[in-house]
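Notes for the one structure printed next.
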Amino acid sequence: NYGTSTTTWADDWTVERMRQAIHWHDRGRFKESHAASEKVTQHAIIFGALENRTAPTLRFPRAVKGGTRGLDRKVREEAEVLFVGSGRELGPAFPSLRETLRALAMLGFQWWQTTLEPADDGTVVPVTQAWPAHALRYELETRRWFATTNEESEVEIVPGDPRWTLIGGDQHDPNGKPWLRGAIRAIGREFVDGAFAANDRSEYSDAHGMPKPVGILPPGVALGGKLDADGNAVPSEGDQAFESLQSLADSRSGALFPNGMTFEMLAAGVGASQVFKDILESVAANAAIVLLGTDGTMKAGSGGVYSSPQFGAVAEARVADDVEAIATGCTRILMLWKARNYPAAKVALRAVIEMPDTQRDARTKS
């Protein structure tokens, strides 16, 4: 029942459904892969690896670079109010940073739509929302993006349209297929493998986890009773011994055996469930590699997300890519806001998410 069972944590995510979701994801249809990207995070290892991928960026300081005097400074300070935000989220002009990071990691991209809303002082304020991936599609034949609206109609996303910002791809070349970098393409199979292996392990534990009593009857004692005068079965001494032996599976019971009978409690062999351990460890390693570039942070006893020397440049590069993608998108929207409100300002605004320089101490010591 590997491909059809719905009795596991995978629910109705069979092997075939996951395969189809990835098949259509690769061809620019994201409804099922979007659903899969949410479902797979119910697996502990995938959830942990995704959190390790997104957590650093949520904590990095944010700022807007630009002018330092006069009008340019005023523009920069207002832009910081729109962008910087507080805690782990961006400012009021932008969608959830956490959800954008998850979409970047799992699907490879996210589209933002920005509208300029009038303010009381006569200026306009950007309001940006993340367009849900299940309402997007890319037409490979014509190389065009489409977004489904609430009215179930479609609008084309035209490259360069200031209302649309592509996070995770080249804004001027949205045909570069950023979705092919989505982790769901590789991690979907790992989730299904892990879900079914965990279910099979549970069934194995239920069937073989408790030791089984096995007995040897003494000579002359046999199974199979006789019938009394009324035709009712009368259990033999061997039958009664067998019932007592079965009762030993209940730790609260006792048993009475005929003289000379021997028994023992047989447990499953140590290596009998090794296949489940191998599968689940493989899923753990592969999930970490897909999301972080290395499985060094996920091994037991590593001491935490940043303690493993394997985290290093590989995983930091993944985080750096996320930081660059989001900062670039935010910069584009801030420049749109500036052009509408302060056309006379010459300042070039730049949204910045400041990654710490992890090699600074090493350079200082050298």
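Ordering of the structure tokens sets the chain letters (A, B, ...), residue numbers begin anew at 1 in every chain, and ligands are numbered from 1 in the order given.
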**Message:** Just want the 8 Å neighbourhood of stretch 122-132 of chain A, counted on only C-alpha atoms, with same-chain residues fewer than 5 positions away dropped. Output as a ChimeraX atom specification.
**Reply:** /A:92-95,100,110-117,147,333,337,340-341
Selected residues, N, CA and C atoms, written as a tab-separated table (two decimals), in the first residue's frame, please.
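File produced: result_35.tsv:
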```tsv
chain	number	residue	atom	x	y	z
A	92	PRO	N	5.51	48.57	7.49
A	92	PRO	CA	4.11	48.47	7.05
A	92	PRO	C	3.91	48.42	5.54
A	93	ALA	N	4.92	48.76	4.77
A	93	ALA	CA	4.77	48.77	3.32
A	93	ALA	C	4.98	47.40	2.69
A	94	PHE	N	5.37	46.40	3.51
A	94	PHE	CA	5.80	45.13	2.94
A	94	PHE	C	5.09	43.95	3.60
A	95	PRO	N	5.03	42.82	2.88
A	95	PRO	CA	4.38	41.62	3.43
A	95	PRO	C	5.26	40.92	4.45
A	100	THR	N	7.68	35.19	3.23
A	100	THR	CA	8.46	35.36	2.00
A	100	THR	C	9.68	34.46	2.01
A	110	GLN	N	8.69	34.35	-5.09
A	110	GLN	CA	7.41	34.90	-4.66
A	110	GLN	C	7.17	36.19	-5.44
A	111	TRP	N	5.94	36.38	-5.86
A	111	TRP	CA	5.56	37.64	-6.51
A	111	TRP	C	4.89	38.55	-5.49
A	112	TRP	N	5.31	39.82	-5.48
A	112	TRP	CA	4.65	40.85	-4.68
A	112	TRP	C	3.88	41.78	-5.60
A	113	GLN	N	2.70	42.21	-5.14
A	113	GLN	CA	1.94	43.23	-5.86
A	113	GLN	C	1.85	44.47	-4.98
A	114	THR	N	2.18	45.62	-5.55
A	114	THR	CA	2.19	46.88	-4.81
A	114	THR	C	1.15	47.84	-5.36
A	115	THR	N	0.36	48.40	-4.47
A	115	THR	CA	-0.54	49.50	-4.83
A	115	THR	C	-0.12	50.74	-4.05
A	116	LEU	N	-0.28	51.90	-4.63
A	116	LEU	CA	0.07	53.16	-3.98
A	116	LEU	C	-1.21	53.79	-3.46
A	117	GLU	N	-1.35	53.78	-2.13
A	117	GLU	CA	-2.55	54.29	-1.50
A	117	GLU	C	-2.37	55.75	-1.09
A	147	ALA	N	-1.62	35.88	-13.06
A	147	ALA	CA	-2.10	35.84	-11.68
A	147	ALA	C	-3.62	35.74	-11.69
A	333	ILE	N	10.68	48.81	-4.61
A	333	ILE	CA	9.42	49.42	-4.18
A	333	ILE	C	9.67	50.78	-3.52
A	337	TRP	N	8.17	54.43	-4.61
A	337	TRP	CA	7.56	55.38	-3.67
A	337	TRP	C	8.23	56.74	-3.75
A	340	ARG	N	7.32	58.82	-6.90
A	340	ARG	CA	5.98	59.41	-6.89
A	340	ARG	C	5.86	60.57	-5.91
A	341	ASN	N	6.56	60.49	-4.78
A	341	ASN	CA	6.40	61.50	-3.74
A	341	ASN	C	7.46	62.59	-3.77
```
**Request:** Pull the alpha helix (DSSP H) assignments for stretch 45-209 of chain A out of DSSP run on the backbone, and list those residues as a ChimeraX atom specification.
**Result:** /A:45-59,70-83,97-107,184-208
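The coordinates place atom CA of A:Glu354 at 25.1 Å from atom CA of A:Ala339.
Here the question is which of A:Leu58, A:Val75, A:Ala186, A:Ala325 gets nearest to A:Ala287 using only C-alpha atoms, and that residue is A:Ala186.
Interatomic distance, atom CA of A:Leu104 to atom CA of A:Thr331: 17.4 Å.
For A:Asp72, the list of residues within 12 Å, based on only C-alpha atoms and with local chain neighbours fewer than 2 positions off taken out, reads Val64, Lys65, Gly66, Gly67, Thr68, Arg69, Gly70, Lys74, Val75, Arg76, Glu77, Glu78, Ala79, Lys338, Tyr342, Pro343, Ala344, Ala345, Lys346, Val347, Ala348 and Leu349 of chain A.
Checking A:Phe60, A:Tyr138, A:Phe276, A:Phe191 one by one against A:Val40, counting only C-alpha atoms, you find the shortest gap at A:Phe191.
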**Non-local contacts of stretch 11-26 of chain A (12 Å; only C-alpha atoms; under 2 positions in same chain excluded) as a ChimeraX atom specification** = /A:1-9,28-40,42,106-109,133-134,136-140,177-196,199
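Of the residues listed (A:Val234, A:Val319, A:Ile353, A:Trp164), A:Ile353 shows the shortest atom-to-atom separation from A:Glu80; distances use only C-alpha atoms.
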**Prompt:** Would you give me, as an MDAnalysis selection string, the residues in stretch 74-220 of chain A that DSSP reads as strand (DSSP E)?
**Reply:** chainID A and resid 110:118 124:131 136:139 144:148 154:157 164:167 212:216
**Message:** So that I can check the surroundings of A:Arg53, please list as a list in words every protein, DNA and RNA residue that reaches within 9 Å of it, counting only C-alpha atoms and ignoring chain neighbours fewer than 5 positions away.
**Reply:** Gly48, Leu101, Arg102, Ala105, Leu291, Leu292, Ala315, Arg318 and Val319 of chain A
Save out the residues we just selected, N, CA, C and O atoms, as a compact mmCIF listing (two decimals), in the first residue's frame.
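Generated file (selection_31.txt):
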```txt
# COMPACT_ATOMS: atom_id res chain seq x y z
N GLY A 48 12.48 21.62 10.99
CA GLY A 48 13.67 22.15 11.64
C GLY A 48 14.65 22.75 10.65
O GLY A 48 15.22 23.83 10.88
N LEU A 101 10.35 34.37 3.14
CA LEU A 101 11.53 33.49 3.25
C LEU A 101 11.14 32.03 3.04
O LEU A 101 11.87 31.28 2.37
N ARG A 102 10.01 31.62 3.58
CA ARG A 102 9.56 30.24 3.40
C ARG A 102 9.24 29.97 1.94
O ARG A 102 9.56 28.90 1.41
N ALA A 105 12.46 29.62 -0.04
CA ALA A 105 13.13 28.35 0.19
C ALA A 105 12.39 27.19 -0.46
O ALA A 105 12.99 26.37 -1.14
N LEU A 291 17.81 22.16 1.98
CA LEU A 291 17.47 23.48 2.49
C LEU A 291 18.67 24.30 2.95
O LEU A 291 18.64 25.52 2.91
N LEU A 292 19.73 23.60 3.42
CA LEU A 292 20.87 24.32 3.99
C LEU A 292 22.15 24.16 3.19
O LEU A 292 23.12 24.87 3.44
N ALA A 315 25.96 27.00 3.97
CA ALA A 315 24.66 27.43 4.47
C ALA A 315 24.55 28.95 4.50
O ALA A 315 23.48 29.51 4.25
N ARG A 318 23.33 30.25 1.23
CA ARG A 318 21.89 30.16 1.03
C ARG A 318 21.18 31.34 1.70
O ARG A 318 20.28 31.95 1.13
N VAL A 319 21.58 31.66 2.91
CA VAL A 319 20.99 32.79 3.63
C VAL A 319 21.28 34.09 2.90
O VAL A 319 20.42 34.96 2.77
```
**Request:** For stretch 226-228 of chain A, please output as an MDAnalysis selection string all residues within 12 Å (counting only C-alpha atoms; exclusion window: fewer than 6 positions along the same chain).
**Result:** chainID A and resid 234:239
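Proximity to A:Pro211 was assessed for A:Ala63, A:Met335, A:Ala55, A:Met265 counting only C-alpha atoms; the smallest distance is recorded for A:Met265.
Take atom CA of A:Gln274 and atom CA of A:Ala197: the distance between them is 11.2 Å.
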